[in-house]
file work.txt (compact mmCIF, C-alpha atoms)
# COMPACT_ATOMS: atom_id res chain seq x y z
CA MET S 62 -126.34 66.19 83.81
CA VAL S 63 -128.71 67.19 86.48
CA GLN S 64 -130.26 70.58 86.17
CA ARG S 65 -131.20 72.48 89.34
CA LEU S 66 -134.54 73.96 89.60
CA PRO S 67 -134.33 77.71 89.05
CA SER S 68 -136.30 78.60 92.26
CA ALA S 69 -134.26 76.49 94.71
CA ARG S 70 -131.05 78.61 94.77
CA PRO S 71 -132.54 81.93 95.87
CA ARG S 72 -134.52 80.18 98.64
CA LEU S 73 -131.37 78.55 99.95
CA LEU S 74 -129.51 81.87 99.89
CA PHE S 75 -132.35 83.47 101.81
CA TRP S 76 -132.22 80.93 104.58
CA ARG S 77 -128.42 81.12 104.78
CA ARG S 78 -128.44 84.89 105.07
CA LEU S 79 -131.37 85.11 107.46
CA PRO S 80 -129.26 84.98 110.70
CA LEU S 81 -126.95 87.67 109.37
CA GLY S 82 -129.88 89.85 108.52
CA ALA S 83 -131.48 89.31 111.89
CA LEU S 84 -128.24 90.23 113.60
CA LEU S 85 -127.96 93.36 111.52
CA LEU S 86 -131.56 94.23 112.31
CA LEU S 87 -130.92 93.70 116.02
CA LEU S 88 -127.83 95.87 115.96
CA LEU S 89 -129.68 98.52 114.05
CA THR S 90 -132.44 98.46 116.66
CA LEU S 91 -129.93 98.70 119.47
CA ARG S 92 -128.20 101.55 117.69
CA GLN S 93 -131.48 103.37 117.26
CA HIS S 94 -132.43 102.97 120.93
CA GLY S 95 -129.07 103.91 122.31
CA GLY S 96 -128.05 100.40 123.30
CA LEU S 97 -130.95 100.16 125.69
CA LEU S 98 -130.99 96.44 126.32
CA LEU S 99 -127.29 95.94 125.73
CA ALA S 100 -126.24 98.63 128.22
CA ASP S 101 -128.55 97.27 130.90
CA THR S 102 -127.26 93.74 130.35
CA TYR S 103 -123.71 95.01 130.49
CA ALA S 104 -124.46 96.87 133.73
CA ILE S 105 -126.00 93.81 135.35
CA LEU S 106 -123.16 91.53 134.31
CA THR S 107 -120.38 93.90 135.36
CA ARG S 108 -121.91 95.12 138.63
CA PRO S 109 -119.59 92.98 140.78
CA PHE S 110 -116.61 94.69 139.19
CA TRP S 111 -117.80 98.24 139.68
CA PRO S 112 -115.45 100.63 141.57
CA GLY S 113 -115.85 100.68 145.35
CA THR S 114 -117.02 103.51 147.59
CA ALA S 115 -113.51 104.94 147.91
CA GLN S 116 -113.64 106.56 144.53
CA SER S 117 -117.17 107.76 145.20
CA GLU S 118 -115.98 109.48 148.38
CA TRP S 119 -113.09 110.98 146.46
CA LEU S 120 -115.50 112.40 143.92
CA LYS S 121 -117.70 113.81 146.69
CA ARG S 122 -114.69 115.52 148.27
CA ALA S 123 -113.72 116.90 144.90
CA SER S 124 -117.25 118.17 144.45
CA THR S 125 -117.17 119.82 147.90
CA LEU S 126 -113.87 121.46 147.05
CA GLU S 127 -115.30 122.67 143.78
CA ASP S 128 -118.32 124.11 145.59
CA TYR S 129 -116.04 125.85 148.08
CA GLN S 130 -113.94 127.36 145.33
CA ARG S 131 -117.04 128.51 143.56
CA LEU S 132 -118.30 130.05 146.83
CA VAL S 133 -115.03 131.94 147.29
CA TYR S 134 -115.20 133.16 143.70
CA LEU S 135 -118.81 134.28 144.06
CA GLU S 136 -118.05 135.99 147.36
CA ARG S 137 -115.24 137.96 145.73
CA GLU S 138 -117.42 138.77 142.77
CA ASN S 139 -120.18 139.89 145.11
CA GLN S 140 -117.79 142.17 146.98
CA ARG S 141 -116.48 143.61 143.73
CA LEU S 142 -119.97 144.33 142.42
CA LYS S 143 -121.00 145.90 145.70
CA ARG S 144 -117.95 148.14 145.54
CA LEU S 145 -118.89 149.13 141.99
CA LEU S 146 -122.41 149.94 143.13
CA ASN S 147 -121.02 151.82 146.12
CA ILE S 148 -122.86 149.54 148.55
CA ARG S 149 -121.20 149.06 151.89
CA SER S 150 -120.96 145.39 152.58
CA SER S 151 -119.99 143.06 155.34
CA SER S 152 -116.29 143.10 155.95
CA PRO S 153 -114.49 139.81 155.92
CA ASN S 154 -112.42 140.94 158.92
CA LEU S 155 -113.01 138.31 161.55
CA VAL S 156 -111.49 138.21 165.00
CA THR S 157 -111.35 134.68 166.34
CA THR S 158 -111.67 134.66 170.09
CA PRO S 159 -112.26 132.13 172.88
CA VAL S 160 -115.47 131.99 174.89
CA ILE S 161 -114.41 132.65 178.48
CA GLY S 162 -117.78 133.03 180.15
CA ARG S 163 -121.37 131.97 179.67
CA SER S 164 -124.84 132.84 180.90
CA PRO S 165 -124.70 132.71 184.70
CA ALA S 166 -128.49 132.41 184.93
CA ILE S 167 -131.56 132.18 182.77
CA TRP S 168 -132.05 135.95 182.98
CA TRP S 169 -128.85 136.80 181.16
CA GLN S 170 -128.50 135.10 177.81
CA GLN S 171 -124.95 136.23 177.30
CA MET S 172 -121.45 135.14 176.51
CA ILE S 173 -118.09 136.66 177.44
CA LEU S 174 -115.36 136.64 174.80
CA GLY S 175 -111.63 136.90 175.34
CA SER S 176 -111.17 139.82 172.92
CA GLY S 177 -112.13 143.43 173.44
CA GLY S 178 -111.49 146.96 172.36
CA LEU S 179 -107.74 146.41 171.95
CA ASP S 180 -108.48 143.77 169.31
CA GLY S 181 -110.71 146.08 167.30
CA VAL S 182 -114.00 144.75 168.62
CA ALA S 183 -116.72 147.38 168.90
CA LYS S 184 -120.16 147.55 170.44
CA GLY S 185 -122.78 146.14 168.07
CA ASP S 186 -120.42 143.84 166.17
CA ALA S 187 -121.96 140.60 165.01
CA VAL S 188 -120.68 137.44 166.67
CA LEU S 189 -120.62 134.18 164.77
CA GLY S 190 -120.32 130.62 165.93
CA PRO S 191 -119.72 127.51 163.86
CA GLY S 192 -122.84 127.57 161.74
CA GLY S 193 -124.06 131.12 161.94
CA LEU S 194 -124.98 134.18 163.96
CA VAL S 195 -125.12 133.87 167.76
CA GLY S 196 -125.47 137.46 168.91
CA ARG S 197 -124.07 140.98 169.03
CA VAL S 198 -121.50 142.64 171.25
CA ASP S 199 -123.34 144.43 174.05
CA SER S 200 -120.50 145.92 176.05
CA LEU S 201 -116.73 146.03 176.01
CA THR S 202 -113.62 146.16 178.09
CA PRO S 203 -110.14 146.45 176.58
CA THR S 204 -109.68 142.69 176.63
CA THR S 205 -113.19 141.23 176.86
CA ALA S 206 -116.53 141.61 175.13
CA ARG S 207 -119.94 140.71 176.46
CA VAL S 208 -122.30 139.35 173.84
CA ARG S 209 -126.06 139.49 174.00
CA LEU S 210 -127.16 136.22 172.45
CA VAL S 211 -130.00 136.01 169.96
CA THR S 212 -131.83 133.90 172.54
CA ASP S 213 -132.07 136.86 174.95
CA PRO S 214 -135.57 138.37 175.11
CA GLY S 215 -133.99 141.79 174.65
CA SER S 216 -132.50 140.77 171.32
CA ARG S 217 -134.27 141.82 168.11
CA ILE S 218 -132.67 141.11 164.74
CA GLY S 219 -134.19 141.43 161.29
CA VAL S 220 -134.15 138.18 159.36
CA TRP S 221 -135.08 137.02 155.89
CA ILE S 222 -136.58 133.75 154.67
CA PRO S 223 -135.10 133.30 151.18
CA ARG S 224 -137.58 130.67 149.97
CA ILE S 225 -140.68 132.77 150.56
CA GLN S 226 -138.91 136.13 150.23
CA ARG S 227 -140.30 137.41 153.52
CA HIS S 228 -138.87 139.57 156.27
CA GLY S 229 -139.30 138.78 159.94
CA LEU S 230 -137.98 139.71 163.34
CA LEU S 231 -135.91 137.20 165.28
CA THR S 232 -136.89 137.52 168.93
CA GLY S 233 -135.31 135.72 171.88
CA VAL S 234 -137.64 134.11 174.40
CA GLY S 235 -135.07 132.94 176.95
CA THR S 236 -134.75 129.44 175.52
CA ASN S 237 -132.41 127.93 172.95
CA ARG S 238 -135.03 128.37 170.24
CA PRO S 239 -135.91 131.97 169.40
CA LEU S 240 -138.99 133.01 167.45
CA VAL S 241 -139.35 134.71 164.11
CA ARG S 242 -142.32 137.06 164.03
CA PHE S 243 -143.54 137.98 160.58
CA PHE S 244 -144.94 141.27 159.45
CA ASN S 245 -147.82 139.68 157.56
CA GLN S 246 -150.38 137.18 158.75
CA ASP S 247 -149.79 134.29 156.38
CA PRO S 248 -146.21 134.22 155.19
CA GLY S 249 -146.32 130.58 154.06
CA VAL S 250 -143.30 129.51 156.07
CA VAL S 251 -142.79 125.79 156.57
CA PRO S 252 -140.44 123.76 158.79
CA GLY S 253 -137.04 123.46 157.18
CA ASP S 254 -136.96 126.96 155.72
CA LEU S 255 -133.58 128.64 155.99
CA VAL S 256 -133.35 131.81 158.10
CA VAL S 257 -130.65 134.38 157.33
CA THR S 258 -130.08 137.95 158.43
CA SER S 259 -132.14 140.46 156.51
CA PRO S 260 -130.72 142.41 153.57
CA ALA S 261 -132.46 145.42 155.08
CA SER S 262 -130.86 145.01 158.50
CA THR S 263 -128.75 147.88 159.78
CA LEU S 264 -127.66 145.98 162.88
CA VAL S 265 -125.88 143.00 161.37
CA PRO S 266 -124.46 142.22 157.91
CA SER S 267 -126.96 140.70 155.54
CA GLY S 268 -127.05 137.08 154.51
CA LEU S 269 -125.55 135.55 157.65
CA PRO S 270 -127.08 132.16 158.35
CA VAL S 271 -129.08 132.05 161.56
CA GLY S 272 -130.86 128.71 161.57
CA VAL S 273 -133.78 126.80 160.14
CA VAL S 274 -137.46 126.93 160.93
CA GLN S 275 -138.24 124.08 163.28
CA GLY S 276 -141.96 124.53 163.78
CA ILE S 277 -144.89 126.87 163.68
CA PRO S 278 -146.82 127.46 166.92
CA ASP S 279 -150.56 127.07 166.69
CA GLN S 280 -153.14 129.72 167.41
CA GLN S 281 -150.92 132.77 167.67
CA PRO S 282 -152.30 136.24 167.00
CA VAL S 283 -149.39 136.87 164.66
CA ALA S 284 -147.49 134.53 162.38
CA GLU S 285 -144.53 133.08 164.23
CA ALA S 286 -142.00 130.37 163.63
CA ILE S 287 -139.70 128.58 166.05
CA VAL S 288 -136.10 128.64 164.87
CA GLN S 289 -133.44 126.04 165.53
CA LEU S 290 -130.17 127.95 165.57
CA SER S 291 -127.37 126.72 163.34
CA ALA S 292 -124.65 127.48 165.86
CA PRO S 293 -124.47 125.26 168.97
CA ILE S 294 -124.34 128.07 171.51
CA ASP S 295 -124.05 125.83 174.58
CA ALA S 296 -121.10 123.92 173.17
CA MET S 297 -119.17 126.80 171.62
CA GLU S 298 -115.62 127.29 172.82
CA TRP S 299 -114.53 129.73 170.13
CA ALA S 300 -116.37 132.50 168.34
CA LYS S 301 -115.70 134.95 165.54
CA VAL S 302 -116.44 138.65 165.79
CA MET S 303 -117.17 140.53 162.56
CA VAL S 304 -115.34 143.76 163.13
CA ASP S 305 -115.74 146.95 161.09
CA GLN S 306 -119.25 146.32 159.93
CA PRO S 307 -121.51 148.91 158.38
CA GLY S 308 -124.16 149.92 160.87
CA GLN S 309 -124.13 150.21 164.61
CA GLY S 310 -127.01 150.18 167.03
CA MET R 217 -104.01 130.59 217.84
CA ARG R 218 -104.82 134.05 216.70
CA VAL R 219 -106.01 134.50 213.12
CA GLN R 220 -104.59 137.54 211.45
CA PRO R 221 -107.17 139.90 209.92
CA TRP R 222 -105.35 139.90 206.60
CA LEU R 223 -105.68 136.12 206.39
CA ARG R 224 -109.39 136.38 206.99
CA GLY R 225 -109.73 139.06 204.34
CA LEU R 226 -107.67 136.95 201.99
CA MET R 227 -109.99 134.00 202.49
CA VAL R 228 -113.06 136.17 201.87
CA GLY R 229 -111.55 137.56 198.67
CA ALA R 230 -110.35 134.17 197.45
CA THR R 231 -113.71 132.47 197.98
CA LEU R 232 -115.57 135.35 196.34
CA LEU R 233 -113.30 135.22 193.30
CA LEU R 234 -113.62 131.44 193.18
CA ILE R 235 -117.41 131.46 193.10
CA THR R 236 -117.39 134.31 190.56
CA GLY R 237 -115.09 132.29 188.32
CA ILE R 238 -117.22 129.16 188.57
CA ARG R 239 -120.33 131.24 187.96
CA GLN R 240 -118.90 132.64 184.74
CA LEU R 241 -117.60 129.31 183.53
CA ALA R 242 -121.09 127.86 184.12
CA PRO R 243 -119.97 124.21 184.05
CA ALA R 244 -122.52 122.10 182.19
CA PRO R 245 -122.58 119.23 184.74
CA LEU R 246 -123.83 121.71 187.36
CA ALA R 247 -126.67 122.99 185.20
CA LEU R 248 -130.26 121.91 184.95
CA LEU R 249 -132.30 123.15 181.96
CA GLY R 250 -129.40 125.49 181.27
CA ALA R 251 -129.50 127.06 184.74
CA GLY R 252 -126.74 126.55 187.27
CA PRO R 253 -126.90 127.23 191.02
CA ASN R 254 -126.97 130.74 192.40
CA TRP R 255 -123.35 131.01 193.54
CA PRO R 256 -123.64 134.36 195.37
CA VAL R 257 -126.43 132.86 197.49
CA LEU R 258 -124.28 129.80 198.23
CA TRP R 259 -121.47 132.09 199.41
CA LEU R 260 -123.59 134.59 201.32
CA LEU R 261 -125.65 132.05 203.30
CA PRO R 262 -122.84 130.77 205.59
CA TRP R 263 -121.18 134.18 205.80
CA ALA R 264 -124.36 135.85 207.03
CA LEU R 265 -125.11 133.04 209.47
CA VAL R 266 -121.71 133.24 211.15
CA GLU R 267 -121.04 136.96 211.00
CA GLY R 268 -123.10 139.84 212.33
CA THR R 269 -125.46 142.00 210.37
CA SER R 270 -122.93 144.64 209.36
CA ALA R 271 -120.41 142.10 208.07
CA ALA R 272 -123.22 140.28 206.26
CA LEU R 273 -124.27 143.53 204.59
CA VAL R 274 -120.72 144.16 203.43
CA GLY R 275 -120.50 140.59 202.16
CA ALA R 276 -123.80 140.94 200.29
CA LEU R 277 -122.65 144.15 198.66
CA LEU R 278 -119.35 142.57 197.63
CA ALA R 279 -120.96 139.41 196.23
CA GLY R 280 -123.78 141.29 194.54
CA LEU R 281 -121.66 143.96 192.91
CA LEU R 282 -119.16 141.38 191.74
CA ALA R 283 -121.94 139.30 190.20
CA ASP R 284 -123.63 142.30 188.60
CA ALA R 285 -120.34 143.43 187.08
CA PHE R 286 -120.35 140.42 184.81
CA THR R 287 -123.91 140.61 183.54
CA ILE R 288 -125.48 142.62 180.77
CA GLY R 289 -128.38 144.98 181.29
CA PRO R 290 -129.37 147.21 184.17
CA VAL R 291 -131.02 144.60 186.39
CA GLY R 292 -129.02 143.14 189.24
CA GLN R 293 -129.13 141.06 192.37
CA THR R 294 -127.27 143.24 194.83
CA LEU R 295 -130.32 144.61 196.64
CA PRO R 296 -132.06 141.22 196.99
CA LEU R 297 -128.80 139.83 198.36
CA VAL R 298 -128.68 142.65 200.92
CA VAL R 299 -132.18 141.71 202.08
CA LEU R 300 -131.14 138.08 202.35
CA ALA R 301 -128.03 139.06 204.31
CA VAL R 302 -130.13 140.96 206.85
CA TYR R 303 -132.59 138.07 207.18
CA TRP R 304 -129.98 135.34 207.58
CA SER R 305 -127.80 137.33 209.94
CA ARG R 306 -130.77 138.00 212.24
CA LEU R 307 -132.05 134.46 212.46
CA GLY R 308 -132.98 133.55 216.02
CA GLY R 309 -130.96 131.33 218.29
CA SER R 310 -132.84 128.08 217.69
CA ALA R 311 -133.00 128.63 213.95
CA ARG R 312 -129.29 129.47 213.89
CA ARG R 313 -128.40 126.33 215.83
CA SER R 314 -130.56 124.12 213.61
CA ILE R 315 -128.81 125.40 210.51
CA ASP R 316 -126.23 122.66 211.03
CA ASN R 317 -128.90 120.40 209.58
CA LEU R 318 -127.76 120.11 205.98
CA CYS R 319 -131.31 119.77 204.69
CA LEU R 320 -132.22 123.06 206.33
CA LEU R 321 -129.15 124.64 204.77
CA GLY R 322 -130.34 123.40 201.39
CA LEU R 323 -133.82 124.75 202.03
CA HIS R 324 -132.44 128.18 202.91
CA GLY R 325 -130.33 128.14 199.75
CA MET R 326 -133.32 127.16 197.64
CA LEU R 327 -135.57 129.86 199.10
CA GLY R 328 -132.79 132.43 198.75
CA SER R 329 -132.37 131.56 195.09
CA LEU R 330 -136.11 131.84 194.49
CA TRP R 331 -136.15 135.23 196.22
CA ILE R 332 -133.32 136.52 194.03
CA ASP R 333 -135.04 135.24 190.86
CA LEU R 334 -138.35 136.78 191.91
CA CYS R 335 -136.70 140.18 192.42
CA ILE R 336 -134.87 139.95 189.08
CA ALA R 337 -138.08 138.91 187.33
CA LEU R 338 -139.92 141.90 188.79
CA GLN R 339 -137.12 144.22 187.67
CA LEU R 340 -137.23 142.76 184.16
CA LEU R 341 -141.01 142.92 184.04
CA SER R 342 -141.02 146.56 185.10
CA ARG R 343 -138.55 147.39 182.33
CA SER R 344 -140.30 145.51 179.54
CA ARG R 345 -142.51 147.48 177.22
CA PRO R 346 -145.68 146.32 175.54
CA LEU R 347 -144.92 144.24 172.51
CA GLU R 348 -147.24 145.27 169.71
CA PHE R 349 -146.36 143.37 166.64
CA SER R 350 -149.56 142.83 164.76
CA VAL R 351 -149.22 144.93 161.63
CA ALA R 352 -152.54 143.65 160.36
CA ALA R 353 -154.24 145.08 163.42
CA GLY R 354 -152.84 148.49 162.59
CA SER R 355 -150.09 148.67 165.18
CA ASP R 356 -146.93 150.62 164.71
CA PRO R 357 -144.31 148.27 163.25
CA THR R 358 -141.51 150.17 164.97
CA GLN R 359 -142.82 148.87 168.28
CA MET R 360 -141.69 145.46 167.22
CA VAL R 361 -138.17 146.39 168.23
CA GLN R 362 -139.32 147.05 171.77
CA GLY R 363 -139.85 144.40 174.32
CA GLY R 364 -137.92 142.17 176.67
CA TRP R 365 -139.05 139.83 179.41
CA HIS R 366 -142.82 140.00 179.08
CA LEU R 367 -145.19 138.06 181.26
CA PRO R 368 -145.59 135.12 178.82
CA VAL R 369 -141.81 134.81 178.53
CA LEU R 370 -141.40 135.12 182.29
CA LEU R 371 -144.00 132.44 182.90
CA GLY R 372 -142.34 130.22 180.31
CA ALA R 373 -138.56 130.18 180.25
CA GLY R 374 -138.21 132.42 183.31
CA LEU R 375 -140.28 130.31 185.67
CA TRP R 376 -138.70 127.03 184.66
CA GLY R 377 -135.23 128.55 184.77
CA ALA R 378 -135.84 129.95 188.26
CA LEU R 379 -137.13 126.61 189.53
CA ALA R 380 -134.17 124.78 188.02
CA GLN R 381 -131.74 127.25 189.57
CA ALA R 382 -133.43 126.97 192.96
CA LEU R 383 -133.21 123.19 192.79
CA MET R 384 -129.53 123.26 191.88
CA THR R 385 -128.83 125.79 194.65
CA GLY R 386 -130.67 123.63 197.16
CA LEU R 387 -128.75 120.56 196.09
CA LEU R 388 -125.34 122.22 196.28
CA ALA R 389 -125.94 124.28 199.44
CA PRO R 390 -125.22 121.42 201.88
CA LEU R 391 -121.87 120.85 200.20
CA VAL R 392 -120.65 124.33 199.25
CA SER R 393 -122.32 126.39 201.96
CA GLY R 394 -121.66 123.64 204.51
CA LEU R 395 -117.93 123.76 203.83
CA LEU R 396 -117.88 127.55 203.88
CA LEU R 397 -119.87 127.49 207.15
CA GLN R 398 -117.15 125.40 208.77
CA LEU R 399 -114.45 127.69 207.38
CA TRP R 400 -116.06 130.91 208.65
CA ARG R 401 -116.78 129.35 212.03
CA GLN R 402 -113.16 128.32 212.46
CA LEU R 403 -111.95 131.75 211.51
CA ALA R 404 -114.59 133.41 213.67
CA VAL R 405 -113.84 131.28 216.78
CA ARG R 406 -110.16 132.05 216.61
CA ARG R 407 -110.81 135.71 216.04
CA PRO R 408 -109.80 137.81 219.04
CA LEU R 409 -112.78 139.22 220.85
CA GLY R 410 -113.41 142.93 220.70

call {"tool": "encode", "arguments": {"input": "work.txt", "output": "structure tokens"}}
result
Amino acid sequence: MVQRLPSARPRLLFWRRLPLGALLLLLLTLRQHGGLLLADTYAILTRPFWPGTAQSEWLKRASTLEDYQRLVYLERENQRLKRLLNIRSSSPNLVTTPVIGRSPAIWWQQMILGSGGLDGVAKGDAVLGPGGLVGRVDSLTPTTARVRLVTDPGSRIGVWIPRIQRHGLLTGVGTNRPLVRFFNQDPGVVPGDLVVTSPASTLVPSGLPVGVVQGIPDQQPVAEAIVQLSAPIDAMEWAKVMVDQPGQG
Amino acid sequence: MRVQPWLRGLMVGATLLLITGIRQLAPAPLALLGAGPNWPVLWLLPWALVEGTSAALVGALLAGLLADAFTIGPVGQTLPLVVLAVYWSRLGGSARRSIDNLCLLGLHGMLGSLWIDLCIALQLLSRSRPLEFSVAAGSDPTQMVQGGWHLPVLLGAGLWGALAQALMTGLLAPLVSGLLLQLWRQLAVRRPLG
């Protein structure tokens, strides 16, 4: 009878169980690192079978809808809180009206709307286009309203730059791009900054989008910024008048 | 054939309303740098050339008041149109005969438009107040709400807008004013004398 050497059996067992141990060690490592290598390999191998852009678009639309619903909720909440604080706020009453006349010459930056006093429009009401504020009602007839556009040199509207928390005055210069003049010398405004109506404004409701800063003129005695309006005034065929707003004149 | 006075009046009213409508619609294809032609000038030019001074004055008042009724602010173009009506209606014989040259008609339209814009610019300039907006320099911030068409704005947007309008008026005058010139001449020739 042949007798095995006592040290040969454990060595053999070690070599037989080595792959299993290595596999366990590998899995343990992957588990500890959150499947780092495995997940990346899986992603590379399955990339051709990933869902197409259709579902991505669907998700984007769902996200937009969610944002809209959240905006509506926040707007209602804002109105409710303003009522609680007894702060008069912008009314949501909007009169949609066609644009029936435009500036006949460079001297009159105006627009004629097909709604007037009979529709509840009053002098000083803010007029909105698709994208934001375009002007204020200057004069009225029972069925028409003449709007002084924000591009008119006679137009002055208080605006607010949310990013830098600064007030300014939106001033028309007879072109499609009005200027914002700031009250301080170095406001730190940069191109791309959003411009909205000022919370301190008594002429128009606060927070209405006006446009974005397009550029900053050089060598001006006072800080200015050129504004690209959000609303395409030249192409507008319909406008909305915010009736029953807080302050006039 | 005798032209009835009511038909003549009807034509005057219809053409005035037509140019007022087009002026308010401000069609984009007829605009350069956002400025369209001066439609009252295009209407008044042939009317003043064919009719006498008194009729031209009445026409200028009608066209000017109608145009001013649709614009905001106190400035207007009625008085400059009256001056143009007097000038065009009193053009001498040779100048009046040479007006059939379409280029000359365009030139008159262009100069008339420039005259109107100059008068409006002067009115706006006289009504603008000094714009003091430098708070750091110690100015009154409330003056920021004052202003209007100041000289820098006039020399910028105003000047280019006036030149563009004059160019468009000059380009359209041979067509629009030329057609109206023929119309008023036909009605004037068939008008009974006295």

call {"tool": "closest_atom_pairs", "arguments": {"input": "work.txt", "of": "chain S", "to": "chain R", "cutoff": "8 Å", "atoms": "only C-alpha atoms", "output": "tab-separated table"}}
result
residue	atom	partner	partner_atom	distance
S:Ile161	CA	R:Leu241	CA	6.8
S:Gly162	CA	R:Gln240	CA	4.7
S:Arg163	CA	R:Gln240	CA	5.7
S:Ser164	CA	R:Ala242	CA	7.0
S:Pro165	CA	R:Arg239	CA	5.6
S:Ala166	CA	R:Ala251	CA	5.4
S:Ile167	CA	R:Gly377	CA	5.5
S:Trp168	CA	R:Gly374	CA	7.1
S:Trp169	CA	R:Thr287	CA	6.7
S:Gln171	CA	R:Ile288	CA	7.3
S:Asp199	CA	R:Ile288	CA	7.3
S:Ser200	CA	R:Ile288	CA	7.6
S:Arg207	CA	R:Ile288	CA	7.3
S:Arg209	CA	R:Ile288	CA	7.5
S:Pro214	CA	R:Gly364	CA	4.7
S:Gly215	CA	R:Gly364	CA	4.4
S:Ser216	CA	R:Gly364	CA	7.7
S:Arg217	CA	R:Val361	CA	6.0
S:Leu230	CA	R:Met360	CA	7.9
S:Val234	CA	R:Val369	CA	5.9
S:Gly235	CA	R:Ala373	CA	5.5
S:Thr236	CA	R:Ala373	CA	6.1
S:Arg242	CA	R:Phe349	CA	7.9
S:Phe244	CA	R:Val351	CA	6.0
S:Asn245	CA	R:Ala352	CA	6.8
S:Gln246	CA	R:Ala352	CA	7.0
S:Pro282	CA	R:Ser350	CA	7.5
S:Val283	CA	R:Ser350	CA	6.0

call {"tool": "residues_around", "arguments": {"input": "work.txt", "residues": "stretch 269-277 of chain S", "least_positions_apart": "3", "cutoff": "7 Å", "atoms": "all atoms listed in the file", "output": "list in words"}}
result
Gly193, Leu194, Val251, Pro252, Gly253, Asp254, Leu255, Val256, Val257, Thr258, Pro266, Glu285, Ala286, Ile287, Val288, Gln289, Leu290 and Ser291 of chain S

call {"tool": "write_last_selection", "arguments": {"input": "work.txt", "atoms": "C-alpha atoms", "output": "PDB file, in the frame of the given file"}}
result
ATOM      1  CA  GLY S 193    -124.060 131.120 161.940  1.00  0.00           C
ATOM      2  CA  LEU S 194    -124.980 134.180 163.960  1.00  0.00           C
ATOM      3  CA  VAL S 251    -142.790 125.790 156.570  1.00  0.00           C
ATOM      4  CA  PRO S 252    -140.440 123.760 158.790  1.00  0.00           C
ATOM      5  CA  GLY S 253    -137.040 123.460 157.180  1.00  0.00           C
ATOM      6  CA  ASP S 254    -136.960 126.960 155.720  1.00  0.00           C
ATOM      7  CA  LEU S 255    -133.580 128.640 155.990  1.00  0.00           C
ATOM      8  CA  VAL S 256    -133.350 131.810 158.100  1.00  0.00           C
ATOM      9  CA  VAL S 257    -130.650 134.380 157.330  1.00  0.00           C
ATOM     10  CA  THR S 258    -130.080 137.950 158.430  1.00  0.00           C
ATOM     11  CA  PRO S 266    -124.460 142.220 157.910  1.00  0.00           C
ATOM     12  CA  GLU S 285    -144.530 133.080 164.230  1.00  0.00           C
ATOM     13  CA  ALA S 286    -142.000 130.370 163.630  1.00  0.00           C
ATOM     14  CA  ILE S 287    -139.700 128.580 166.050  1.00  0.00           C
ATOM     15  CA  VAL S 288    -136.100 128.640 164.870  1.00  0.00           C
ATOM     16  CA  GLN S 289    -133.440 126.040 165.530  1.00  0.00           C
ATOM     17  CA  LEU S 290    -130.170 127.950 165.570  1.00  0.00           C
ATOM     18  CA  SER S 291    -127.370 126.720 163.340  1.00  0.00           C
TER      19      SER S 291
END

call {"tool": "atom_distance", "arguments": {"input": "work.txt", "atom1": "atom CA of S:Ser176", "atom2": "atom CA of S:Thr158"}}
result
5.9 Å

call {"tool": "residues_around", "arguments": {"input": "work.txt", "residues": "S:Pro191", "least_positions_apart": "6", "cutoff": "8 Å", "atoms": "only C-alpha atoms", "output": "PyMOL selection string"}}
result
chain S and resi 291-293+297+300

call {"tool": "residues_around", "arguments": {"input": "work.txt", "residues": "R:Leu258", "least_positions_apart": "4", "cutoff": "7 Å", "atoms": "all atoms listed in the file", "output": "ChimeraX atom specification"}}
result
/R:254,325,389,392-393
